[in-house]
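K.L.:
Below is query_35.cif; it holds mmCIF, C-alpha atoms.
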```
data_coords
loop_
_atom_site.group_PDB
_atom_site.id
_atom_site.type_symbol
_atom_site.label_atom_id
_atom_site.label_comp_id
_atom_site.auth_asym_id
_atom_site.auth_seq_id
_atom_site.Cartn_x
_atom_site.Cartn_y
_atom_site.Cartn_z
ATOM 1 C CA MET A 1 89.359 69.495 82.130
ATOM 2 C CA ASP A 2 89.790 73.014 80.784
ATOM 3 C CA SER A 3 92.552 75.124 82.266
ATOM 4 C CA PRO A 4 91.492 78.047 84.503
ATOM 5 C CA HIS A 5 90.784 81.337 82.776
ATOM 6 C CA TRP A 6 91.491 84.501 84.779
ATOM 7 C CA ARG A 7 91.188 88.164 83.867
ATOM 8 C CA LEU A 8 93.309 90.748 85.704
ATOM 9 C CA ILE A 9 91.732 94.220 85.709
ATOM 10 C CA LEU A 10 94.589 96.467 86.745
ATOM 11 C CA ASN A 11 94.507 100.056 87.948
ATOM 12 C CA GLY A 12 96.569 102.019 85.431
ATOM 13 C CA LYS A 13 98.716 103.487 88.225
ATOM 14 C CA SER A 14 100.238 100.037 88.798
ATOM 15 C CA ALA A 15 100.806 99.037 85.184
ATOM 16 C CA GLY A 16 104.588 99.330 85.441
ATOM 17 C CA ASN A 17 105.030 97.170 88.534
ATOM 18 C CA ASP A 18 107.859 94.700 87.837
ATOM 19 C CA ALA A 19 106.885 92.253 90.597
ATOM 20 C CA LEU A 20 103.383 92.027 89.144
ATOM 21 C CA ARG A 21 104.719 91.402 85.637
ATOM 22 C CA ALA A 22 106.868 88.553 86.955
ATOM 23 C CA ALA A 23 103.923 87.065 88.862
ATOM 24 C CA VAL A 24 101.695 87.157 85.779
ATOM 25 C CA ALA A 25 104.387 85.467 83.713
ATOM 26 C CA ASP A 26 104.768 82.733 86.346
ATOM 27 C CA VAL A 27 101.020 82.038 86.396
ATOM 28 C CA ARG A 28 100.964 81.715 82.623
ATOM 29 C CA GLU A 29 103.889 79.287 82.709
ATOM 30 C CA ARG A 30 101.798 77.058 84.988
ATOM 31 C CA GLY A 31 99.159 76.708 82.276
ATOM 32 C CA ILE A 32 96.622 79.235 83.558
ATOM 33 C CA GLN A 33 95.156 81.594 80.968
ATOM 34 C CA LEU A 34 95.567 85.055 82.480
ATOM 35 C CA ASP A 35 94.606 88.103 80.412
ATOM 36 C CA VAL A 36 95.349 91.652 81.557
ATOM 37 C CA ARG A 37 93.241 94.769 81.058
ATOM 38 C CA VAL A 38 94.457 98.160 82.304
ATOM 39 C CA THR A 39 92.041 100.908 83.340
ATOM 40 C CA TRP A 40 92.642 104.381 81.952
ATOM 41 C CA GLU A 41 89.440 106.354 82.541
ATOM 42 C CA GLY A 42 86.129 106.159 84.345
ATOM 43 C CA GLY A 43 83.936 103.252 83.296
ATOM 44 C CA ASP A 44 86.799 101.042 82.104
ATOM 45 C CA ALA A 45 86.431 98.570 84.974
ATOM 46 C CA GLY A 46 82.740 98.060 84.287
ATOM 47 C CA ARG A 47 83.345 97.484 80.583
ATOM 48 C CA TYR A 48 86.124 95.014 81.334
ATOM 49 C CA VAL A 49 83.881 93.099 83.757
ATOM 50 C CA ASN A 50 81.179 92.721 81.106
ATOM 51 C CA GLU A 51 83.804 91.651 78.593
ATOM 52 C CA ALA A 52 85.184 89.043 81.006
ATOM 53 C CA ILE A 53 81.731 87.570 81.604
ATOM 54 C CA ALA A 54 81.092 87.370 77.862
ATOM 55 C CA ASP A 55 84.440 85.573 77.464
ATOM 56 C CA GLY A 56 83.550 82.956 80.089
ATOM 57 C CA VAL A 57 86.240 83.993 82.570
ATOM 58 C CA ASP A 58 86.344 81.963 85.819
ATOM 59 C CA THR A 59 87.913 84.601 88.084
ATOM 60 C CA ILE A 60 88.318 88.366 87.830
ATOM 61 C CA VAL A 61 91.369 89.628 89.701
ATOM 62 C CA ALA A 62 91.295 93.248 90.848
ATOM 63 C CA GLY A 63 94.750 94.816 90.800
ATOM 64 C CA GLY A 64 94.669 97.968 92.920
ATOM 65 C CA GLY A 65 93.376 99.358 96.198
ATOM 66 C CA ASP A 66 90.015 99.414 97.924
ATOM 67 C CA GLY A 67 88.547 101.698 95.256
ATOM 68 C CA THR A 68 89.505 99.372 92.414
ATOM 69 C CA LEU A 69 88.131 96.360 94.287
ATOM 70 C CA SER A 70 84.881 98.195 94.983
ATOM 71 C CA GLU A 71 84.446 99.366 91.378
ATOM 72 C CA ILE A 72 84.866 95.847 90.014
ATOM 73 C CA ALA A 73 82.647 94.315 92.704
ATOM 74 C CA ALA A 74 79.954 96.900 91.957
ATOM 75 C CA ALA A 75 80.071 96.076 88.244
ATOM 76 C CA LEU A 76 79.519 92.407 89.111
ATOM 77 C CA ALA A 77 76.808 93.117 91.693
ATOM 78 C CA HIS A 78 74.841 95.303 89.264
ATOM 79 C CA ARG A 79 74.346 92.262 87.041
ATOM 80 C CA GLU A 80 71.146 90.197 87.205
ATOM 81 C CA GLU A 81 72.923 86.847 87.561
ATOM 82 C CA ALA A 82 73.189 85.079 90.904
ATOM 83 C CA ALA A 83 76.608 84.911 92.562
ATOM 84 C CA GLU A 84 77.134 81.305 91.422
ATOM 85 C CA ALA A 85 76.726 82.326 87.770
ATOM 86 C CA LEU A 86 79.242 85.180 87.962
ATOM 87 C CA PRO A 87 83.035 84.975 87.916
ATOM 88 C CA ALA A 88 84.652 84.797 91.329
ATOM 89 C CA LEU A 89 86.525 87.876 92.546
ATOM 90 C CA ALA A 90 90.122 88.068 93.773
ATOM 91 C CA LEU A 91 92.467 90.875 94.793
ATOM 92 C CA ILE A 92 96.108 91.855 94.362
ATOM 93 C CA PRO A 93 96.531 94.733 96.871
ATOM 94 C CA MET A 94 98.269 97.624 95.110
ATOM 95 C CA GLY A 95 96.626 100.706 96.640
ATOM 96 C CA THR A 96 97.723 103.351 99.129
ATOM 97 C CA ALA A 97 96.306 101.827 102.308
ATOM 98 C CA ASN A 98 94.861 98.436 101.211
ATOM 99 C CA ASP A 99 92.488 98.428 104.176
ATOM 100 C CA PHE A 100 90.348 95.523 102.988
ATOM 101 C CA ALA A 101 93.334 93.343 102.115
ATOM 102 C CA THR A 102 94.974 94.049 105.471
ATOM 103 C CA ALA A 103 91.876 93.070 107.450
ATOM 104 C CA ALA A 104 91.256 90.013 105.258
ATOM 105 C CA GLY A 105 94.840 88.739 105.431
ATOM 106 C CA ILE A 106 95.392 88.882 101.653
ATOM 107 C CA PRO A 107 99.132 88.889 100.841
ATOM 108 C CA THR A 108 100.533 92.106 99.384
ATOM 109 C CA ALA A 109 103.164 90.374 97.251
ATOM 110 C CA PRO A 110 101.657 89.819 93.765
ATOM 111 C CA GLU A 111 102.965 86.254 93.413
ATOM 112 C CA LYS A 112 101.466 85.249 96.775
ATOM 113 C CA ALA A 113 98.155 86.982 96.036
ATOM 114 C CA LEU A 114 97.865 85.107 92.724
ATOM 115 C CA ALA A 115 98.850 81.841 94.406
ATOM 116 C CA LEU A 116 95.901 82.352 96.762
ATOM 117 C CA VAL A 117 93.552 82.444 93.771
ATOM 118 C CA ALA A 118 94.785 79.026 92.664
ATOM 119 C CA GLU A 119 94.850 77.469 96.133
ATOM 120 C CA ALA A 120 91.780 78.869 97.920
ATOM 121 C CA SER A 121 88.222 78.063 96.869
ATOM 122 C CA ALA A 122 85.936 81.033 96.336
ATOM 123 C CA VAL A 123 83.499 81.666 99.212
ATOM 124 C CA ALA A 124 80.256 83.633 99.263
ATOM 125 C CA VAL A 125 80.609 87.147 100.710
ATOM 126 C CA ASP A 126 78.154 89.922 101.510
ATOM 127 C CA LEU A 127 78.029 93.377 99.968
ATOM 128 C CA LEU A 128 76.488 96.596 101.271
ATOM 129 C CA GLN A 129 73.938 98.236 98.996
ATOM 130 C CA VAL A 130 73.684 101.964 99.667
ATOM 131 C CA GLU A 131 70.705 104.004 98.478
ATOM 132 C CA ALA A 132 71.330 107.765 98.431
ATOM 133 C CA ASP A 133 69.292 110.684 97.089
ATOM 134 C CA GLU A 134 70.723 110.269 93.595
ATOM 135 C CA GLY A 135 70.755 106.461 93.293
ATOM 136 C CA PHE A 136 72.247 103.140 94.376
ATOM 137 C CA HIS A 137 75.851 102.234 95.170
ATOM 138 C CA TRP A 138 77.672 99.096 96.281
ATOM 139 C CA CYS A 139 80.282 98.834 99.021
ATOM 140 C CA VAL A 140 82.642 95.905 99.668
ATOM 141 C CA ASN A 141 84.614 97.052 102.684
ATOM 142 C CA LEU A 142 83.237 99.880 104.768
ATOM 143 C CA ALA A 143 81.010 102.945 104.603
ATOM 144 C CA SER A 144 82.298 105.678 106.884
ATOM 145 C CA GLY A 145 81.247 109.157 107.911
ATOM 146 C CA GLY A 146 82.381 111.987 110.155
ATOM 147 C CA PHE A 147 85.948 113.041 110.885
ATOM 148 C CA GLY A 148 87.625 110.030 109.277
ATOM 149 C CA THR A 149 85.648 110.505 106.078
ATOM 150 C CA GLU A 150 86.697 114.138 105.784
ATOM 151 C CA VAL A 151 90.314 113.115 106.324
ATOM 152 C CA THR A 152 90.142 110.532 103.550
ATOM 153 C CA VAL A 153 88.402 112.890 101.130
ATOM 154 C CA GLU A 154 90.820 115.763 101.813
ATOM 155 C CA THR A 155 94.082 113.785 101.702
ATOM 156 C CA ASP A 156 96.097 114.980 98.736
ATOM 157 C CA GLU A 157 96.833 112.389 96.048
ATOM 158 C CA LYS A 158 100.468 113.459 95.785
ATOM 159 C CA LEU A 159 100.862 113.122 99.553
ATOM 160 C CA LYS A 160 99.387 109.614 99.422
ATOM 161 C CA LYS A 161 101.808 108.652 96.651
ATOM 162 C CA MET A 162 104.781 109.907 98.695
ATOM 163 C CA LEU A 163 103.813 108.676 102.170
ATOM 164 C CA GLY A 164 101.251 105.909 101.719
ATOM 165 C CA GLY A 165 98.921 105.377 104.702
ATOM 166 C CA LEU A 166 100.876 107.920 106.763
ATOM 167 C CA ALA A 167 99.352 110.638 104.585
ATOM 168 C CA TYR A 168 95.969 110.040 106.241
ATOM 169 C CA VAL A 169 97.475 110.512 109.698
ATOM 170 C CA ILE A 170 99.136 113.802 108.700
ATOM 171 C CA THR A 171 95.914 115.104 107.180
ATOM 172 C CA GLY A 172 93.986 114.045 110.287
ATOM 173 C CA VAL A 173 96.318 115.871 112.639
ATOM 174 C CA ALA A 174 96.054 118.992 110.480
ATOM 175 C CA ARG A 175 92.244 118.875 110.778
ATOM 176 C CA LEU A 176 92.039 118.412 114.556
ATOM 177 C CA GLY A 177 91.548 122.100 115.198
ATOM 178 C CA ARG A 178 88.506 122.368 112.904
ATOM 179 C CA ILE A 179 86.454 119.275 113.633
ATOM 180 C CA GLU A 180 82.768 119.741 112.855
ATOM 181 C CA PRO A 181 80.514 116.857 113.947
ATOM 182 C CA VAL A 182 77.739 115.542 111.724
ATOM 183 C CA THR A 183 74.253 115.569 113.253
ATOM 184 C CA ALA A 184 72.001 112.769 112.019
ATOM 185 C CA GLU A 185 69.349 110.223 112.944
ATOM 186 C CA LEU A 186 69.999 106.480 112.619
ATOM 187 C CA GLN A 187 67.167 103.934 112.487
ATOM 188 C CA GLY A 188 67.262 100.150 112.146
ATOM 189 C CA PRO A 189 65.510 97.037 113.489
ATOM 190 C CA ASP A 190 65.214 97.589 117.282
ATOM 191 C CA PHE A 191 67.830 100.349 117.010
ATOM 192 C CA ALA A 192 67.581 104.137 117.136
ATOM 193 C CA TRP A 193 70.203 106.808 117.746
ATOM 194 C CA SER A 194 70.375 110.525 117.034
ATOM 195 C CA GLY A 195 72.861 113.284 117.718
ATOM 196 C CA GLY A 196 76.226 114.549 116.591
ATOM 197 C CA PHE A 197 78.964 112.087 115.742
ATOM 198 C CA LEU A 198 82.662 112.407 115.043
ATOM 199 C CA ALA A 199 82.977 109.017 113.391
ATOM 200 C CA LEU A 200 80.595 106.497 111.872
ATOM 201 C CA GLY A 201 81.479 103.066 110.535
ATOM 202 C CA LEU A 202 79.130 100.718 108.687
ATOM 203 C CA GLY A 203 81.183 97.596 108.313
ATOM 204 C CA ASN A 204 81.223 94.746 105.976
ATOM 205 C CA GLY A 205 84.979 94.917 106.562
ATOM 206 C CA ARG A 206 86.725 96.338 109.616
ATOM 207 C CA GLN A 207 89.001 99.253 108.784
ATOM 208 C CA ALA A 208 89.339 102.271 106.503
ATOM 209 C CA GLY A 209 91.244 105.522 106.148
ATOM 210 C CA GLY A 210 94.713 103.983 106.232
ATOM 211 C CA GLY A 211 94.344 101.598 109.160
ATOM 212 C CA GLN A 212 91.606 103.092 111.368
ATOM 213 C CA VAL A 213 89.709 100.082 112.763
ATOM 214 C CA LEU A 214 86.111 101.292 112.975
ATOM 215 C CA CYS A 215 84.256 97.965 113.052
ATOM 216 C CA PRO A 216 86.558 95.495 114.859
ATOM 217 C CA ASP A 217 83.971 92.691 115.046
ATOM 218 C CA ALA A 218 82.636 92.819 111.481
ATOM 219 C CA TRP A 219 82.250 89.652 109.410
ATOM 220 C CA ILE A 220 81.930 89.632 105.649
ATOM 221 C CA ASN A 221 79.646 86.588 105.474
ATOM 222 C CA ASP A 222 77.157 87.008 108.356
ATOM 223 C CA GLY A 223 74.417 88.957 106.558
ATOM 224 C CA GLN A 224 74.765 91.876 108.973
ATOM 225 C CA ILE A 225 76.102 95.447 109.025
ATOM 226 C CA ASP A 226 78.376 96.267 111.941
ATOM 227 C CA VAL A 227 77.454 99.789 113.064
ATOM 228 C CA THR A 228 79.915 101.914 115.047
ATOM 229 C CA VAL A 229 79.043 105.434 116.215
ATOM 230 C CA LEU A 230 81.532 107.674 118.051
ATOM 231 C CA PRO A 231 79.448 110.552 119.484
ATOM 232 C CA VAL A 232 80.594 114.137 119.936
ATOM 233 C CA LEU A 233 83.125 114.409 122.757
ATOM 234 C CA ASN A 234 82.313 117.973 123.861
ATOM 235 C CA GLY A 235 85.131 119.417 121.776
ATOM 236 C CA ASP A 236 87.865 117.590 123.692
ATOM 237 C CA LEU A 237 90.489 117.561 120.949
ATOM 238 C CA ALA A 238 93.063 115.851 123.149
ATOM 239 C CA THR A 239 90.686 112.920 123.611
ATOM 240 C CA VAL A 240 89.967 112.837 119.891
ATOM 241 C CA GLY A 241 93.687 112.793 119.125
ATOM 242 C CA THR A 242 94.232 109.926 121.541
ATOM 243 C CA LEU A 243 91.454 107.867 119.987
ATOM 244 C CA LEU A 244 92.651 108.522 116.439
ATOM 245 C CA THR A 245 96.175 107.409 117.237
ATOM 246 C CA ARG A 246 94.735 104.274 118.929
ATOM 247 C CA ARG A 247 96.476 104.739 122.268
ATOM 248 C CA ASP A 248 93.370 104.169 124.413
ATOM 249 C CA ARG A 249 91.106 101.375 123.212
ATOM 250 C CA GLU A 250 89.208 101.194 126.518
ATOM 251 C CA ALA A 251 88.205 104.865 126.307
ATOM 252 C CA LEU A 252 87.056 104.337 122.737
ATOM 253 C CA GLU A 253 84.838 101.402 123.724
ATOM 254 C CA ARG A 254 83.278 103.298 126.637
ATOM 255 C CA LEU A 255 82.230 106.124 124.340
ATOM 256 C CA THR A 256 81.203 104.129 121.266
ATOM 257 C CA ARG A 257 77.734 102.873 120.403
ATOM 258 C CA ARG A 258 77.677 99.595 118.459
ATOM 259 C CA ALA A 259 74.999 97.475 116.790
ATOM 260 C CA ARG A 260 74.702 94.646 114.275
ATOM 261 C CA LEU A 261 71.813 95.115 111.837
ATOM 262 C CA PRO A 262 70.561 93.821 108.466
ATOM 263 C CA TRP A 263 69.776 97.399 107.354
ATOM 264 C CA LEU A 264 70.122 100.961 108.581
ATOM 265 C CA GLU A 265 68.584 104.294 107.562
ATOM 266 C CA LEU A 266 70.410 107.602 108.092
ATOM 267 C CA SER A 267 68.948 111.084 107.708
ATOM 268 C CA ALA A 268 70.086 114.630 108.431
ATOM 269 C CA ALA A 269 68.826 118.187 108.042
ATOM 270 C CA LYS A 270 71.580 118.974 105.556
ATOM 271 C CA PRO A 271 73.640 116.782 103.210
ATOM 272 C CA PHE A 272 76.584 114.871 104.659
ATOM 273 C CA THR A 273 79.176 112.529 103.189
ATOM 274 C CA LEU A 274 79.511 108.772 103.415
ATOM 275 C CA ASN A 275 82.765 107.385 102.084
ATOM 276 C CA LEU A 276 82.079 104.092 100.284
ATOM 277 C CA ASP A 277 85.399 102.276 99.878
ATOM 278 C CA GLY A 278 87.094 105.609 99.201
ATOM 279 C CA GLU A 279 84.317 107.027 97.013
ATOM 280 C CA PRO A 280 82.534 110.000 98.676
ATOM 281 C CA VAL A 281 78.755 110.146 98.253
ATOM 282 C CA ARG A 282 76.843 113.159 99.569
ATOM 283 C CA SER A 283 73.158 112.998 100.485
ATOM 284 C CA ARG A 284 70.588 114.004 103.113
ATOM 285 C CA ARG A 285 69.495 110.418 103.544
ATOM 286 C CA PHE A 286 70.972 106.979 103.102
ATOM 287 C CA ARG A 287 69.576 103.469 103.385
ATOM 288 C CA VAL A 288 72.261 100.820 103.788
ATOM 289 C CA THR A 289 71.316 97.163 103.340
ATOM 290 C CA CYS A 290 73.480 94.075 103.719
ATOM 291 C CA VAL A 291 72.973 91.750 100.727
ATOM 292 C CA PRO A 292 74.080 88.278 101.872
ATOM 293 C CA GLY A 293 76.286 86.200 99.576
ATOM 294 C CA ARG A 294 76.084 88.625 96.653
ATOM 295 C CA LEU A 295 79.502 87.610 95.267
ATOM 296 C CA ARG A 296 82.084 84.855 95.580
ATOM 297 C CA MET A 297 85.628 85.780 96.516
ATOM 298 C CA HIS A 298 88.995 84.060 96.893
ATOM 299 C CA LEU A 299 90.091 84.683 100.494
ATOM 300 C CA PRO A 300 92.607 82.933 102.783
ATOM 301 C CA PRO A 301 91.096 79.855 104.466
ATOM 302 C CA ASP A 302 91.803 81.431 107.859
ATOM 303 C CA CYS A 303 90.597 84.901 106.800
ATOM 304 C CA PRO A 304 89.747 86.947 109.942
ATOM 305 C CA LEU A 305 86.690 88.420 108.206
ATOM 306 C CA LEU A 306 84.981 85.054 107.661
ATOM 307 C CA VAL A 307 82.646 83.423 110.154
ATOM 308 C CA GLN A 308 84.254 80.014 110.271
ATOM 309 C CA ALA A 309 81.973 76.972 109.977
#
```
Represent the structure contained in this file as structure tokens.
P.N.:
Amino acid sequence: MDSPHWRLILNGKSAGNDALRAAVADVRERGIQLDVRVTWEGGDAGRYVNEAIADGVDTIVAGGGDGTLSEIAAALAHREEAAEALPALALIPMGTANDFATAAGIPTAPEKALALVAEASAVAVDLLQVEADEGFHWCVNLASGGFGTEVTVETDEKLKKMLGGLAYVITGVARLGRIEPVTAELQGPDFAWSGGFLALGLGNGRQAGGGQVLCPDAWINDGQIDVTVLPVLNGDLATVGTLLTRRDREALERLTRRARLPWLELSAAKPFTLNLDGEPVRSRRFRVTCVPGRLRMHLPPDCPLLVQA
């Protein structure tokens, strides 16, 4: 039996991580072929994915945050092959917030994350396909809009490097006095909603923006999008602040509209932003579709995001 062949595609920001270097060395000592490619500029991840497929790699390991995971997953999903014919996907969380990894229960320590690849069988997971005015995108974790999206987009990179997930909170507090709701129409099977919203979550995963749980009941293998809409609260900034700091879950649930749908269309009179795993996309209309089982991924056997058999 041939030994496993893995390819680590690493965000260049993490190339000097000593714990990761030690973990890679340990995996190689156990007889697993593990090659490393480091991204430097846009498009590198996609080229490395195609190279890995041509080399017959069994598993592609994304080393980075939600954006790195999404970029590699998108490169795989854009291919014509079925999920079973593509390399499985794994993750070493090395980003600022690591929202997907946190919700999925993926260990943050590199040696434990790589051990999971060896120990856990790859399972089929859904992806969100997002059609905007200028083309198609893929989303692994969560598409978000409204206040939280603006916070994520506006958070300074240097602040994130210094403070990690806390940077999102600081940016959010700074924006409280200038909240502008998005007005849009949402349409899906047996679902319709229109009006102004402060927050919108379209979940394959459950949280984004440094720990904000927008879709608490989302599953990554149920073939459905978990939709969460937080309507305008009549300018009550104190209430908004309470909800954002997660001190009143009951109030949040009373105000929130939720649905579970295979697809959803969004439209507005003027362009607005959806944040797709940290990547802002601006458009007047979006169509979001859940594509069941588009990829296979190494996740903990007791992963909270999986519908257990």
K.L.:
Which one is closest to Asp18 (chain A): A:Pro87, A:Asp222, A:Arg47, A:Glu111? Count only C-alpha atoms.
P.N.:
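Using only C-alpha atoms, Asp18 (chain A) sits closest to A:Glu111.
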K.L.:
Find the residues around Asp133 (chain A) up to 8 Å (all atoms listed in the file counted), leave out those fewer than 2 positions away in its own chain, and share them as a PyMOL selection string.
P.N.:
chain A and resi 131+135+283-286
K.L.:
Output the residue selection produced by the PyMOL selection byres ((chain A and resi 63-70) around 9) on the file above, formatted as a PyMOL selection string.
P.N.:
chain A and resi 8-14+45+61-62+71-75+89-101+138-141+276-279
K.L.:
Run through the PyMOL selection byres ((chain A and resi 122-125) around 7) on the given coordinates and return the selected residues as a short mmCIF file (atom, residue, chain, number, x, y, z; two decimals) with C-alpha atoms, in the frame of the given file.
P.N.:
```cif
data_model
loop_
_atom_site.label_atom_id
_atom_site.label_comp_id
_atom_site.auth_asym_id
_atom_site.auth_seq_id
_atom_site.Cartn_x
_atom_site.Cartn_y
_atom_site.Cartn_z
CA ALA A 88 84.65 84.80 91.33
CA ALA A 120 91.78 78.87 97.92
CA SER A 121 88.22 78.06 96.87
CA ASP A 126 78.15 89.92 101.51
CA LEU A 127 78.03 93.38 99.97
CA ILE A 220 81.93 89.63 105.65
CA ASN A 221 79.65 86.59 105.47
CA PRO A 292 74.08 88.28 101.87
CA GLY A 293 76.29 86.20 99.58
CA ARG A 294 76.08 88.62 96.65
CA LEU A 295 79.50 87.61 95.27
CA ARG A 296 82.08 84.86 95.58
CA MET A 297 85.63 85.78 96.52
CA HIS A 298 89.00 84.06 96.89
CA LEU A 299 90.09 84.68 100.49
#
```
K.L.:
Given the file above and the PyMOL selection byres ((chain A and resi 267) around 8), which residues are selected, and can you give them as an mmCIF file with C-alpha atoms, in the frame of the given file?
P.N.:
```
data_model
loop_
_atom_site.group_PDB
_atom_site.id
_atom_site.type_symbol
_atom_site.label_atom_id
_atom_site.label_comp_id
_atom_site.auth_asym_id
_atom_site.auth_seq_id
_atom_site.Cartn_x
_atom_site.Cartn_y
_atom_site.Cartn_z
ATOM 1 C CA ALA A 184 72.001 112.769 112.019
ATOM 2 C CA GLU A 185 69.349 110.223 112.944
ATOM 3 C CA LEU A 186 69.999 106.480 112.619
ATOM 4 C CA GLU A 265 68.584 104.294 107.562
ATOM 5 C CA LEU A 266 70.410 107.602 108.092
ATOM 6 C CA ALA A 268 70.086 114.630 108.431
ATOM 7 C CA ALA A 269 68.826 118.187 108.042
ATOM 8 C CA ARG A 284 70.588 114.004 103.113
ATOM 9 C CA ARG A 285 69.495 110.418 103.544
ATOM 10 C CA PHE A 286 70.972 106.979 103.102
#
```
K.L.:
Hey, what's within 6 Å of Leu20 (chain A) if we count only C-alpha atoms and toss same-chain stuff fewer than 3 positions away? As a list in words, please?
P.N.:
Asn17, Ala23 and Pro110 of chain A
K.L.:
May I have the residues within 6 Å of region 29-34 of chain A as a list of chain:residue names, using only C-alpha atoms and disregarding those fewer than 4 positions away in the same chain?
P.N.:
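These residues fall inside the cut-off: A:Ser3, A:Pro4, A:His5, A:Trp6, A:Arg7.
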K.L.:
Which distance in Å separates CA of Val117 (chain A) and CA of Val49 (chain A), to one decimal?
P.N.:
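It comes out at 17.5 Å.
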K.L.:
Padding of 6 Å on every side, edges along x, y and z, all listed atoms of region 50-57 of chain A included: what centre and edge lengths in Å, to one decimal, does that box have, as JSON?
P.N.:
```
{"center_x": 83.7, "center_y": 87.8, "center_z": 80.0, "size_x": 17.1, "size_y": 21.8, "size_z": 17.1}
```
K.L.:
Give the answer as one residue: which of A:Ala104, A:Ala259, A:Leu142, A:Leu76 has the shortest atom-to-atom distance to Val229 (chain A), using only C-alpha atoms?
P.N.:
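Using only C-alpha atoms, Val229 (chain A) sits closest to A:Ala259.
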K.L.:
Would you work out the distance separating CA of Arg206 (chain A) from CA of Leu305 (chain A), expressed in Å to one decimal?
P.N.:
8.0 Å
K.L.:
Please, what distance in Å, to one decimal, runs between CA of Gly203 (chain A) and CA of Pro231 (chain A)?
P.N.:
17.2 Å
K.L.:
Rank nothing, just name the residue among A:Ala143, A:Thr59, A:Val213, A:Ala208 nearest to Leu128 (chain A), using only C-alpha atoms.
P.N.:
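Nearest candidate to Leu128 (chain A) out of A:Ala143, A:Thr59, A:Val213, A:Ala208: A:Ala143.
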K.L.:
Could you tell me which of A:Val24, A:Cys290, A:Pro216, A:Val232 comes closest to Lys112 (chain A) if we count only C-alpha atoms?
P.N.:
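Between A:Val24, A:Cys290, A:Pro216, A:Val232, the residue approaching Lys112 (chain A) most closely is A:Val24.
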K.L.:
For each of A:Trp219, A:Gly209, A:Leu230, A:Gln224, take the minimum atom-to-atom distance to Gly195 (chain A), counting all atoms listed in the file, then give the residue where this is smallest.
P.N.:
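Under the stated criterion, the closest residue is A:Leu230.
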K.L.:
From the options A:Gly145, A:Gly205, A:Gly223, A:Gly56, which residue's atoms come nearest to Val281 (chain A), counting all atoms listed in the file?
P.N.:
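When distances to Val281 (chain A) are compared using all atoms listed in the file, the smallest one comes from A:Gly145.
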K.L.:
Which polymer residues have any atom within 7 Å of an atom of Ile225 (chain A), counting all atoms listed in the file, with same-chain residues fewer than 5 positions away left out, as a list in words?
P.N.:
Leu202, Gly203, Asn204, Arg260, Leu261, Pro262, Trp263 and Cys290 of chain A
K.L.:
Provide region 284-296 of chain A rebuilt to N, CA and C atoms, formatted as a compact mmCIF listing (two decimals), keeping the file's coordinate frame.
P.N.:
```txt
# COMPACT_ATOMS: atom_id res chain seq x y z
N ARG A 284 71.28 113.72 101.84
CA ARG A 284 70.59 114.00 103.11
C ARG A 284 70.09 112.73 103.76
N ARG A 285 69.97 111.69 102.98
CA ARG A 285 69.50 110.42 103.54
C ARG A 285 70.21 109.26 102.86
N PHE A 286 70.39 108.21 103.62
CA PHE A 286 70.97 106.98 103.10
C PHE A 286 70.19 105.79 103.67
N ARG A 287 70.05 104.76 102.88
CA ARG A 287 69.58 103.47 103.38
C ARG A 287 70.62 102.44 103.00
N VAL A 288 71.19 101.79 104.00
CA VAL A 288 72.26 100.82 103.79
C VAL A 288 71.72 99.44 104.12
N THR A 289 71.83 98.52 103.17
CA THR A 289 71.32 97.16 103.34
C THR A 289 72.43 96.16 103.09
N CYS A 290 72.53 95.17 103.95
CA CYS A 290 73.48 94.08 103.72
C CYS A 290 72.83 93.04 102.81
N VAL A 291 73.48 92.75 101.68
CA VAL A 291 72.97 91.75 100.73
C VAL A 291 73.81 90.49 100.91
N PRO A 292 73.28 89.47 101.56
CA PRO A 292 74.08 88.28 101.87
C PRO A 292 74.52 87.52 100.61
N GLY A 293 75.77 87.08 100.62
CA GLY A 293 76.29 86.20 99.58
C GLY A 293 76.16 86.73 98.17
N ARG A 294 76.31 88.06 97.98
CA ARG A 294 76.08 88.62 96.65
C ARG A 294 77.17 88.24 95.67
N LEU A 295 78.40 88.00 96.14
CA LEU A 295 79.50 87.61 95.27
C LEU A 295 80.26 86.45 95.89
N ARG A 296 81.14 85.84 95.07
CA ARG A 296 82.08 84.86 95.58
C ARG A 296 83.49 85.43 95.48
```
